[in-house]
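Next up, protein-v3.pdb (PDB, C-alpha atoms):
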ATOM      1  CA  MET A  24     266.789 127.888  92.214
ATOM      2  CA  SER A  25     268.753 124.685  91.564
ATOM      3  CA  ASN A  26     267.145 122.575  88.839
ATOM      4  CA  ASN A  27     269.280 119.536  89.703
ATOM      5  CA  GLU A  28     267.794 119.130  93.189
ATOM      6  CA  PHE A  29     264.966 116.708  93.947
ATOM      7  CA  LEU A  30     264.106 118.120  97.367
ATOM      8  CA  TRP A  31     262.099 121.316  97.094
ATOM      9  CA  VAL A  32     263.714 122.793 100.207
ATOM     10  CA  GLU A  33     267.046 122.686  98.379
ATOM     11  CA  LYS A  34     265.779 123.363  94.873
ATOM     12  CA  TYR A  35     264.012 126.552  95.973
ATOM     13  CA  ARG A  36     266.380 127.614  98.747
ATOM     14  CA  PRO A  37     266.958 131.406  98.424
ATOM     15  CA  GLN A  38     270.383 132.223  97.039
ATOM     16  CA  SER A  39     270.440 135.845  98.192
ATOM     17  CA  ILE A  40     269.314 137.797 101.225
ATOM     18  CA  LYS A  41     266.930 139.755  99.022
ATOM     19  CA  ASP A  42     264.989 136.555  98.314
ATOM     20  CA  THR A  43     264.734 135.403 101.934
ATOM     21  CA  ILE A  44     261.555 135.797 103.970
ATOM     22  CA  LEU A  45     262.562 137.585 107.158
ATOM     23  CA  PRO A  46     261.446 140.376 109.495
ATOM     24  CA  VAL A  47     262.446 143.794 108.140
ATOM     25  CA  GLU A  48     265.180 144.605 110.668
ATOM     26  CA  LEU A  49     266.793 141.171 110.383
ATOM     27  CA  LYS A  50     266.873 141.439 106.618
ATOM     28  CA  LYS A  51     268.489 144.877 106.828
ATOM     29  CA  THR A  52     271.173 143.563 109.163
ATOM     30  CA  PHE A  53     272.129 140.652 106.920
ATOM     31  CA  GLN A  54     272.024 142.805 103.794
ATOM     32  CA  GLN A  55     274.465 145.224 105.429
ATOM     33  CA  PHE A  56     276.888 142.364 106.053
ATOM     34  CA  VAL A  57     276.652 141.419 102.381
ATOM     35  CA  ASP A  58     277.005 144.996 101.103
ATOM     36  CA  GLN A  59     280.062 145.550 103.287
ATOM     37  CA  LYS A  60     281.431 142.106 102.305
ATOM     38  CA  THR A  61     282.327 141.605 105.972
ATOM     39  CA  ILE A  62     280.551 138.959 108.001
ATOM     40  CA  PRO A  63     281.527 138.711 111.682
ATOM     41  CA  ASN A  64     281.435 135.536 113.734
ATOM     42  CA  LEU A  65     277.732 134.893 114.284
ATOM     43  CA  ILE A  66     275.401 132.779 116.369
ATOM     44  CA  LEU A  67     272.026 132.563 114.632
ATOM     45  CA  VAL A  68     269.349 131.358 117.031
ATOM     46  CA  GLY A  69     265.716 130.517 116.338
ATOM     47  CA  THR A  70     263.147 127.781 115.962
ATOM     48  CA  ALA A  71     263.550 124.921 113.494
ATOM     49  CA  GLY A  72     263.028 125.659 109.813
ATOM     50  CA  ILE A  73     262.921 129.437 110.189
ATOM     51  CA  GLY A  74     265.833 130.044 107.794
ATOM     52  CA  LYS A  75     269.034 130.284 109.838
ATOM     53  CA  THR A  76     271.142 128.049 107.589
ATOM     54  CA  THR A  77     269.598 129.541 104.462
ATOM     55  CA  VAL A  78     270.653 133.023 105.589
ATOM     56  CA  ALA A  79     274.192 131.880 106.405
ATOM     57  CA  ARG A  80     274.644 130.218 103.032
ATOM     58  CA  ALA A  81     273.003 133.061 101.104
ATOM     59  CA  MET A  82     275.334 135.666 102.618
ATOM     60  CA  LEU A  83     278.421 133.607 101.845
ATOM     61  CA  GLU A  84     277.261 132.855  98.305
ATOM     62  CA  GLU A  85     276.663 136.541  97.667
ATOM     63  CA  ILE A  86     280.143 137.573  98.771
ATOM     64  CA  ASN A  87     281.620 134.595  96.906
ATOM     65  CA  ALA A  88     283.325 133.197 100.006
ATOM     66  CA  ASP A  89     284.702 129.683 100.401
ATOM     67  CA  TYR A  90     282.790 127.912 103.147
ATOM     68  CA  TYR A  91     282.423 124.527 104.780
ATOM     69  CA  VAL A  92     279.214 123.219 106.402
ATOM     70  CA  ILE A  93     279.253 120.834 109.365
ATOM     71  CA  ASN A  94     276.169 119.398 111.063
ATOM     72  CA  GLY A  95     276.835 119.571 114.798
ATOM     73  CA  SER A  96     274.255 116.912 115.670
ATOM     74  CA  MET A  97     275.858 114.360 113.341
ATOM     75  CA  ASN A  98     279.529 115.334 113.223
ATOM     76  CA  GLY A  99     279.996 117.381 116.351
ATOM     77  CA  ASN A 100     282.805 115.446 118.007
ATOM     78  CA  ILE A 101     286.224 116.819 118.871
ATOM     79  CA  ASP A 102     287.875 114.824 116.051
ATOM     80  CA  THR A 103     285.809 116.694 113.460
ATOM     81  CA  LEU A 104     287.016 119.963 114.907
ATOM     82  CA  ARG A 105     290.644 118.915 114.996
ATOM     83  CA  ASN A 106     290.695 117.315 111.558
ATOM     84  CA  ASP A 107     288.093 118.811 109.222
ATOM     85  CA  ILE A 108     287.794 122.325 110.615
ATOM     86  CA  GLN A 109     291.481 122.789 111.317
ATOM     87  CA  SER A 110     292.401 121.579 107.849
ATOM     88  CA  PHE A 111     289.916 123.951 106.216
ATOM     89  CA  ALA A 112     290.479 126.981 108.453
ATOM     90  CA  SER A 113     294.262 126.890 108.346
ATOM     91  CA  THR A 114     294.567 127.158 104.553
ATOM     92  CA  MET A 115     294.126 130.231 102.363
ATOM     93  CA  SER A 116     291.045 130.706 100.206
ATOM     94  CA  PHE A 117     291.407 130.228  96.435
ATOM     95  CA  SER A 118     289.815 133.643  95.957
ATOM     96  CA  GLY A 119     292.132 135.218  98.495
ATOM     97  CA  GLY A 120     289.268 136.305 100.745
ATOM     98  CA  ARG A 121     288.112 135.193 104.159
ATOM     99  CA  LYS A 122     286.870 131.607 104.551
ATOM    100  CA  TYR A 123     283.935 130.545 106.725
ATOM    101  CA  VAL A 124     282.747 127.504 108.628
ATOM    102  CA  ILE A 125     278.993 127.040 109.122
ATOM    103  CA  LEU A 126     278.298 124.918 112.185
ATOM    104  CA  ASP A 127     274.686 123.818 111.885
ATOM    105  CA  GLU A 128     272.907 122.748 115.069
ATOM    106  CA  ALA A 129     275.854 123.923 117.120
ATOM    107  CA  ASP A 130     273.822 123.464 120.314
ATOM    108  CA  TYR A 131     274.502 119.732 119.922
ATOM    109  CA  LEU A 132     278.272 120.196 120.128
ATOM    110  CA  ASN A 133     279.788 118.736 123.289
ATOM    111  CA  VAL A 134     279.979 121.484 125.924
ATOM    112  CA  ASN A 135     282.920 119.860 127.704
ATOM    113  CA  SER A 136     285.220 119.275 124.748
ATOM    114  CA  THR A 137     284.107 120.518 121.318
ATOM    115  CA  GLN A 138     282.714 123.919 122.303
ATOM    116  CA  PRO A 139     285.731 124.945 124.438
ATOM    117  CA  ALA A 140     288.055 123.837 121.619
ATOM    118  CA  LEU A 141     286.022 125.835 119.112
ATOM    119  CA  ARG A 142     286.616 128.939 121.219
ATOM    120  CA  ASN A 143     290.372 128.517 120.720
ATOM    121  CA  PHE A 144     289.970 127.846 116.989
ATOM    122  CA  MET A 145     288.064 131.104 116.555
ATOM    123  CA  GLU A 146     290.996 132.983 118.020
ATOM    124  CA  GLU A 147     293.757 131.015 116.306
ATOM    125  CA  PHE A 148     292.315 131.343 112.794
ATOM    126  CA  SER A 149     290.598 134.719 113.186
ATOM    127  CA  LYS A 150     292.635 136.366 110.415
ATOM    128  CA  ASN A 151     291.757 133.707 107.866
ATOM    129  CA  CYS A 152     288.445 132.129 108.850
ATOM    130  CA  GLY A 153     285.100 133.194 110.278
ATOM    131  CA  PHE A 154     282.473 131.047 111.989
ATOM    132  CA  ILE A 155     278.678 131.049 111.752
ATOM    133  CA  LEU A 156     276.870 128.898 114.305
ATOM    134  CA  THR A 157     273.167 128.059 114.089
ATOM    135  CA  CYS A 158     271.159 126.744 117.019
ATOM    136  CA  ASN A 159     267.657 126.293 118.381
ATOM    137  CA  TYR A 160     268.660 126.722 122.023
ATOM    138  CA  LEU A 161     271.102 129.511 122.864
ATOM    139  CA  ASN A 162     271.513 128.326 126.461
ATOM    140  CA  ARG A 163     273.255 125.204 125.160
ATOM    141  CA  ILE A 164     276.067 127.304 123.717
ATOM    142  CA  ILE A 165     278.769 128.133 126.274
ATOM    143  CA  GLU A 166     279.199 131.771 127.290
ATOM    144  CA  PRO A 167     282.761 132.135 125.897
ATOM    145  CA  LEU A 168     281.352 131.482 122.406
ATOM    146  CA  HIS A 169     278.649 134.103 122.975
ATOM    147  CA  SER A 170     281.336 136.688 123.678
ATOM    148  CA  ARG A 171     283.226 135.824 120.490
ATOM    149  CA  CYS A 172     280.165 136.108 118.239
ATOM    150  CA  SER A 173     277.345 138.480 117.442
ATOM    151  CA  VAL A 174     274.148 136.741 118.576
ATOM    152  CA  ILE A 175     271.166 137.275 116.268
ATOM    153  CA  ASP A 176     267.743 136.013 117.315
ATOM    154  CA  PHE A 177     265.296 135.082 114.538
ATOM    155  CA  LYS A 178     262.282 136.327 116.484
ATOM    156  CA  ILE A 179     259.321 137.434 114.431
ATOM    157  CA  PRO A 180     257.574 140.551 115.800
ATOM    158  CA  SER A 181     253.849 139.930 116.180
ATOM    159  CA  LYS A 182     253.048 142.843 113.873
ATOM    160  CA  GLU A 183     254.989 141.157 111.027
ATOM    161  CA  ILE A 184     253.605 137.623 111.318
ATOM    162  CA  SER A 185     250.728 138.068 108.868
ATOM    163  CA  LYS A 186     252.965 139.866 106.365
ATOM    164  CA  LEU A 187     255.611 137.111 106.414
ATOM    165  CA  ALA A 188     252.946 134.393 106.210
ATOM    166  CA  MET A 189     251.542 136.052 103.094
ATOM    167  CA  GLN A 190     255.019 136.294 101.545
ATOM    168  CA  PHE A 191     255.526 132.610 102.190
ATOM    169  CA  PHE A 192     252.085 131.822 100.773
ATOM    170  CA  LYS A 193     253.139 133.508  97.519
ATOM    171  CA  ARG A 194     256.442 131.601  97.574
ATOM    172  CA  ILE A 195     254.530 128.319  97.936
ATOM    173  CA  GLN A 196     252.238 129.273  95.065
ATOM    174  CA  TYR A 197     255.297 129.869  92.890
ATOM    175  CA  ILE A 198     256.771 126.480  93.822
ATOM    176  CA  LEU A 199     253.537 124.569  93.169
ATOM    177  CA  ASP A 200     252.913 126.367  89.873
ATOM    178  CA  ASN A 201     256.473 125.665  88.776
ATOM    179  CA  GLU A 202     256.069 121.976  89.695
ATOM    180  CA  ASN A 203     252.697 121.795  87.891
ATOM    181  CA  ILE A 204     250.826 120.829  91.057
ATOM    182  CA  GLU A 205     247.108 121.612  91.356
ATOM    183  CA  TYR A 206     246.191 123.066  94.726
ATOM    184  CA  ASP A 207     243.405 124.508  96.817
ATOM    185  CA  GLU A 208     244.517 127.912  98.158
ATOM    186  CA  SER A 209     242.549 127.464 101.389
ATOM    187  CA  VAL A 210     244.377 124.185 102.067
ATOM    188  CA  ILE A 211     247.756 125.827 101.477
ATOM    189  CA  ALA A 212     246.775 128.641 103.843
ATOM    190  CA  GLU A 213     245.746 126.119 106.518
ATOM    191  CA  ILE A 214     249.046 124.218 106.253
ATOM    192  CA  ILE A 215     251.023 127.457 106.558
ATOM    193  CA  THR A 216     248.957 128.442 109.601
ATOM    194  CA  LYS A 217     249.529 125.017 111.184
ATOM    195  CA  PHE A 218     253.325 124.932 110.819
ATOM    196  CA  PHE A 219     254.369 128.604 110.574
ATOM    197  CA  PRO A 220     257.163 129.716 110.984
ATOM    198  CA  ASP A 221     258.765 126.338 110.194
ATOM    199  CA  PHE A 222     259.196 127.064 106.487
ATOM    200  CA  ARG A 223     261.189 123.874 105.912
ATOM    201  CA  ARG A 224     258.429 121.727 107.414
ATOM    202  CA  ILE A 225     255.782 123.406 105.263
ATOM    203  CA  VAL A 226     257.703 122.827 102.031
ATOM    204  CA  ASN A 227     258.538 119.228 102.944
ATOM    205  CA  GLU A 228     254.924 118.416 103.829
ATOM    206  CA  LEU A 229     253.665 119.910 100.583
ATOM    207  CA  GLN A 230     256.187 117.995  98.504
ATOM    208  CA  ARG A 231     255.235 114.792 100.298
ATOM    209  CA  TYR A 232     251.544 115.223  99.542
ATOM    210  CA  SER A 233     252.016 116.492  96.000
ATOM    211  CA  ALA A 234     252.912 113.008  94.742
ATOM    212  CA  ILE A 235     249.442 112.543  93.222
ATOM    213  CA  GLY A 236     249.750 115.909  91.469
ATOM    214  CA  LYS A 237     247.068 117.638  93.530
ATOM    215  CA  ILE A 238     246.843 119.200  96.990
ATOM    216  CA  ASP A 239     243.330 119.539  98.395
ATOM    217  CA  SER A 240     241.482 118.936 101.660
ATOM    218  CA  GLY A 241     241.978 115.177 101.294
ATOM    219  CA  ILE A 242     245.575 115.494 102.483
ATOM    220  CA  PHE A 243     244.598 116.388 106.037
ATOM    221  CA  VAL A 244     243.724 112.823 106.985
ATOM    222  CA  ASN A 245     247.153 111.654 105.815
ATOM    223  CA  LEU A 246     248.890 114.691 107.259
ATOM    224  CA  ASN A 247     247.529 114.066 110.747
ATOM    225  CA  GLN A 248     248.246 110.337 110.584
ATOM    226  CA  GLY A 249     251.806 110.972 109.424
ATOM    227  CA  SER A 250     252.351 113.341 112.330
ATOM    228  CA  TYR A 251     251.118 110.782 114.854
ATOM    229  CA  ASP A 252     253.269 108.079 113.284
ATOM    230  CA  ASN A 253     256.300 110.292 113.896
ATOM    231  CA  LEU A 254     255.228 110.776 117.502
ATOM    232  CA  ILE A 255     254.863 107.040 118.078
ATOM    233  CA  ASN A 256     258.359 106.433 116.722
ATOM    234  CA  TYR A 257     259.810 109.074 119.068
ATOM    235  CA  MET A 258     257.986 107.510 122.013
ATOM    236  CA  LYS A 259     259.221 104.029 121.131
ATOM    237  CA  GLU A 260     262.770 105.363 121.081
ATOM    238  CA  LYS A 261     262.201 107.116 124.445
ATOM    239  CA  ASN A 262     263.296 110.298 122.675
ATOM    240  CA  PHE A 263     261.682 112.856 124.955
ATOM    241  CA  THR A 264     263.401 115.797 123.236
ATOM    242  CA  GLU A 265     261.577 115.034 119.986
ATOM    243  CA  VAL A 266     258.360 114.180 121.831
ATOM    244  CA  ARG A 267     258.418 117.564 123.531
ATOM    245  CA  LYS A 268     259.159 119.258 120.212
ATOM    246  CA  TRP A 269     256.166 117.431 118.683
ATOM    247  CA  ILE A 270     253.938 118.796 121.438
ATOM    248  CA  GLY A 271     255.019 122.352 120.708
ATOM    249  CA  GLU A 272     254.356 121.941 116.994
ATOM    250  CA  ASN A 273     251.034 120.105 117.236
ATOM    251  CA  LEU A 274     249.229 121.064 120.446
ATOM    252  CA  SER A 275     246.509 123.562 119.610
ATOM    253  CA  GLY A 276     245.149 124.458 123.022
ATOM    254  CA  SER A 277     243.506 121.149 123.957
ATOM    255  CA  THR A 278     244.425 117.484 124.412
ATOM    256  CA  VAL A 279     241.096 116.309 122.985
ATOM    257  CA  ASP A 280     242.454 115.335 119.570
ATOM    258  CA  PHE A 281     245.440 113.585 121.113
ATOM    259  CA  VAL A 282     243.356 111.532 123.580
ATOM    260  CA  ASN A 283     240.779 110.606 120.951
ATOM    261  CA  HIS A 284     243.421 109.535 118.443
ATOM    262  CA  PHE A 285     245.338 107.370 120.905
ATOM    263  CA  TYR A 286     242.152 105.782 122.234
ATOM    264  CA  ALA A 287     240.876 105.009 118.724
ATOM    265  CA  ASN A 288     244.208 103.554 117.604
ATOM    266  CA  CYS A 289     245.394 101.880 120.813
ATOM    267  CA  SER A 290     245.239  98.380 119.309
ATOM    268  CA  SER A 291     247.464  99.499 116.430
ATOM    269  CA  TYR A 292     250.136 101.120 118.569
ATOM    270  CA  PHE A 293     250.262  99.048 121.769
ATOM    271  CA  LYS A 294     250.383  95.441 122.884
ATOM    272  CA  PRO A 295     247.003  94.165 124.158
ATOM    273  CA  SER A 296     248.290  93.810 127.715
ATOM    274  CA  SER A 297     249.088  97.554 127.801
ATOM    275  CA  VAL A 298     245.777  98.857 126.492
ATOM    276  CA  PRO A 299     244.013  98.974 129.915
ATOM    277  CA  GLU A 300     246.880 100.987 131.428
ATOM    278  CA  LEU A 301     246.835 103.295 128.406
ATOM    279  CA  VAL A 302     243.122 103.977 128.870
ATOM    280  CA  VAL A 303     243.698 104.893 132.525
ATOM    281  CA  ILE A 304     246.510 107.297 131.575
ATOM    282  CA  LEU A 305     244.439 108.911 128.829
ATOM    283  CA  ASN A 306     241.470 109.301 131.171
ATOM    284  CA  LYS A 307     243.641 111.052 133.762
ATOM    285  CA  CYS A 308     245.129 113.356 131.109
ATOM    286  CA  GLN A 309     241.668 114.233 129.824
ATOM    287  CA  TYR A 310     240.356 114.951 133.337
ATOM    288  CA  GLN A 311     243.335 117.127 134.279
ATOM    289  CA  SER A 312     243.165 119.145 131.055
ATOM    290  CA  SER A 313     240.039 120.903 132.294
ATOM    291  CA  PHE A 314     241.857 122.729 135.090
ATOM    292  CA  VAL A 315     245.655 122.606 134.560
ATOM    293  CA  ALA A 316     247.497 125.918 134.152
ATOM    294  CA  ASN A 317     249.718 124.673 131.317
ATOM    295  CA  GLU A 318     248.212 122.216 128.854
ATOM    296  CA  GLU A 319     251.574 121.529 127.229
ATOM    297  CA  ILE A 320     253.080 120.289 130.495
ATOM    298  CA  ASN A 321     250.001 118.141 131.124
ATOM    299  CA  LEU A 322     250.344 116.472 127.733
ATOM    300  CA  ALA A 323     254.098 116.013 128.166
ATOM    301  CA  ALA A 324     253.492 114.274 131.508
ATOM    302  CA  CYS A 325     250.926 112.023 129.855
ATOM    303  CA  MET A 326     253.394 110.992 127.171
ATOM    304  CA  VAL A 327     256.069 110.283 129.774
ATOM    305  CA  GLU A 328     253.654 107.960 131.592
ATOM    306  CA  ILE A 329     252.793 106.169 128.353
ATOM    307  CA  MET A 330     256.466 105.732 127.454
ATOM    308  CA  ARG A 331     257.219 104.446 130.951
ATOM    309  CA  ASP A 332     254.230 102.154 131.565
ATOM    310  CA  CYS A 333     253.021 100.902 128.176
ATOM    311  CA  GLU A 334     254.557  98.472 125.690
ATOM    312  CA  PHE A 335     254.525  99.393 122.026
ATOM    313  CA  LYS A 336     254.068  96.905 119.227
TER     314      LYS A 336
END

I'd like the structure from this file rewritten - as structure tokens, please.
Amino acid sequence: MSNNEFLWVEKYRPQSIKDTILPVELKKTFQQFVDQKTIPNLILVGTAGIGKTTVARAMLEEINADYYVINGSMNGNIDTLRNDIQSFASTMSFSGGRKYVILDEADYLNVNSTQPALRNFMEEFSKNCGFILTCNYLNRIIEPLHSRCSVIDFKIPSKEISKLAMQFFKRIQYILDNENIEYDESVIAEIITKFFPDFRRIVNELQRYSAIGKIDSGIFVNLNQGSYDNLINYMKEKNFTEVRKWIGENLSGSTVDFVNHFYANCSSYFKPSSVPELVVILNKCQYQSSFVANEEINLAACMVEIMRDCEFK
């Protein structure tokens, strides 16, 4: 735990593999890397907030390795590779051991320039520097990088879901007790159920709603509104990737809540001239939801129509 951090996700980020919350076999694998003090080139793949970066950093901290973190979605251009990574990877570590580069969100690296160049860097600096890539979508990483790394999928076996959720529940209790926040255990359990296994999202949401010093059922009104506000911003920006991600995180089997919320708040979100068209789109989405094979696709199509045909305020 880092007492100098304001953000709980950083303040309470596990510093060792032992303290991470992972499926049994995954934890064994990473602990073996640490015990052997040898970490191969890795691609860690899994959903957002599941702990990929935390694991990478924890392993490197435990073996006392020098490492450099780069966010691929923000600094994933070829110049970063040529300048920052080359400068770091080509020099010897102060401790004399192997150095490492963590490439977060590596699936956002350019597949035509940055990823092919990275393949050559892995070979050129293999004696001195290792690479750990994290990603949400493995198919966005080119095959030559797959062959140069061990690919580890952060899948959670169904038989371990309840066990890991309970471990995380206890971790949240520790955080809230340490921060002197009053809380209703049933509310904490509901939030974990809603966002699991996005541990980062759970911690961030709880910190956000702990500002008044208490977490009880009253947060759900604000929690739902905050989620819809995020969705509206993504739709305004025509950011379908984030819209689709929102669907996956928030759709719970039916579009009823979505349709009702948009209908009730149409005057807040949309220009008056677009409200009639919005109502028609919502009505069609609601009608189709009773017989479509995939509710998520139905809702995604509805959002695309809204983004295309309606004007936001």

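Neighbours of Ser149 of chain A closer than or equal to 10 Å, with only C-alpha atoms counted and sequence neighbours fewer than 3 positions away skipped, come out as Asn64, Ala112, Ser113, Arg121, Lys122, Asn143, Phe144, Met145, Glu146, Cys152, Gly153 and Phe154 of chain A.
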
For segment 129-133 of chain A: contacts at 10 Å, all atoms listed in the file, fewer than 2 positions along chain excluded, given as an MDAnalysis selection string: chainID A and resid 66:68 93:101 125:127 135:141 155:165

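On the file presented, the PyMOL selection byres ((chain A and resi 259) around 12) picks out Asp252, Asn253, Leu254, Ile255, Asn256, Tyr257, Met258, Glu260, Lys261, Asn262, Phe263, Glu265, Val266, Tyr292, Phe293, Met326, Val327, Ile329, Met330, Arg331, Asp332, Cys333, Glu334, Phe335 and Lys336 of chain A.
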
Apply the PyMOL selection byres ((chain A and resi 41-55) around 10) to the displayed file and report the matching residues as a PyMOL selection string. chain A and resi 36-40+56-62+73-74+77-79+81-82+85+175-180+182-184+186-188+190-191+194+222

Env of Gly72 of chain A: 7 Å cut, atoms = only C-alpha atoms, seq-sep filter 3 positions within chain, self excluded. Answer as an NGL selection string. :A and (221-224)

Which residues, protein or nucleic acid, reach to within 12 Å of (244.3, 107.8, 117.6) in the file's coordinates when using all atoms listed in the file, and can you give that as a ChimeraX atom specification? /A:244,247-252,254-255,278-293,301-302,305

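For the pair atom CA of Leu168 of chain A and atom CA of Pro63 of chain A, the separation is 12.9 Å.
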
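Counting all atoms listed in the file, segment 317-322 of chain A has the following residues at most 9 Å away, ignoring those fewer than 5 positions along the same chain: Arg267, Ile270, Gly271, Leu274, Gly276, Ser277, Thr278, Phe281, Cys308, Gln311, Ser312 and Val327 of chain A.
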
Given the file shown, determine the residues that the PyMOL selection byres ((chain A and resi 211) around 9) selects; report them as a PyMOL selection string. chain A and resi 192+195-196+206-210+212-216+229+238-239

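Here the question is which of A:Ala88, A:Phe218, A:Cys325, A:Glu205 gets nearest to Asn273 of chain A using all atoms listed in the file, and that residue is A:Phe218.
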
Please, which residues are within 10 Å of (260.2, 127.2, 96.4) by the file's coordinates, counting all atoms listed in the file, and could they come as a ChimeraX atom specification? /A:24,30-37,191,193-202,226

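Taking atom CA of Glu84 of chain A and atom CA of Gly120 of chain A as the two end points, the separation is 12.7 Å.
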
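Coordinates place atom CA of Arg142 of chain A at a distance of 6.9 Å from atom CA of Pro167 of chain A.
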
Nearest to Thr76 of chain A: which of A:Leu104, A:Tyr310, A:Val124, A:Ala323 is it, counting only C-alpha atoms? A:Val124

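Taking only C-alpha atoms into account, Ile235 of chain A lies nearest to A:Asn203 out of the set A:Phe314, A:Asn203, A:Lys307, A:Pro220.
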
Any chance you could work out the axis-aligned box around segment 50-57 of chain A, listed atoms only, 5 Å on each side, giving centre and edge lengths in Å to one decimal, as lines of an AutoDock Vina configuration file?
center_x = 271.9
center_y = 142.9
center_z = 105.8
size_x = 20.0
size_y = 14.6
size_z = 16.8

Starting from the structure just given, write a file holding segment 206-235 of chain A with C-alpha atoms, as a compact mmCIF listing (two decimals), in the first residue's frame.
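Result went into selection.txt, see below:
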# COMPACT_ATOMS: atom_id res chain seq x y z
CA TYR A 206 -20.83 1.08 4.36
CA ASP A 207 -23.72 -1.29 3.89
CA GLU A 208 -22.34 -4.77 3.10
CA SER A 209 -25.29 -5.61 0.84
CA VAL A 210 -24.60 -2.49 -1.25
CA ILE A 211 -20.93 -3.41 -1.60
CA ALA A 212 -21.94 -6.93 -2.66
CA GLU A 213 -24.34 -5.52 -5.27
CA ILE A 214 -21.67 -3.21 -6.74
CA ILE A 215 -19.20 -6.10 -6.98
CA THR A 216 -21.85 -8.24 -8.68
CA LYS A 217 -22.64 -5.44 -11.14
CA PHE A 218 -19.06 -4.75 -12.27
CA PHE A 219 -17.16 -7.99 -11.55
CA PRO A 220 -14.47 -8.80 -12.70
CA ASP A 221 -13.54 -5.17 -13.42
CA PHE A 222 -11.77 -4.65 -10.09
CA ARG A 223 -10.51 -1.20 -11.10
CA ARG A 224 -14.02 -0.01 -11.92
CA ILE A 225 -15.36 -1.27 -8.60
CA VAL A 226 -12.69 0.53 -6.57
CA ASN A 227 -13.06 3.75 -8.58
CA GLU A 228 -16.85 3.77 -8.20
CA LEU A 229 -16.61 3.20 -4.46
CA GLN A 230 -14.07 5.98 -4.02
CA ARG A 231 -16.27 8.32 -6.04
CA TYR A 232 -19.31 7.66 -3.87
CA SER A 233 -17.43 7.63 -0.57
CA ALA A 234 -17.02 11.42 -0.63
CA ILE A 235 -19.82 11.88 1.92
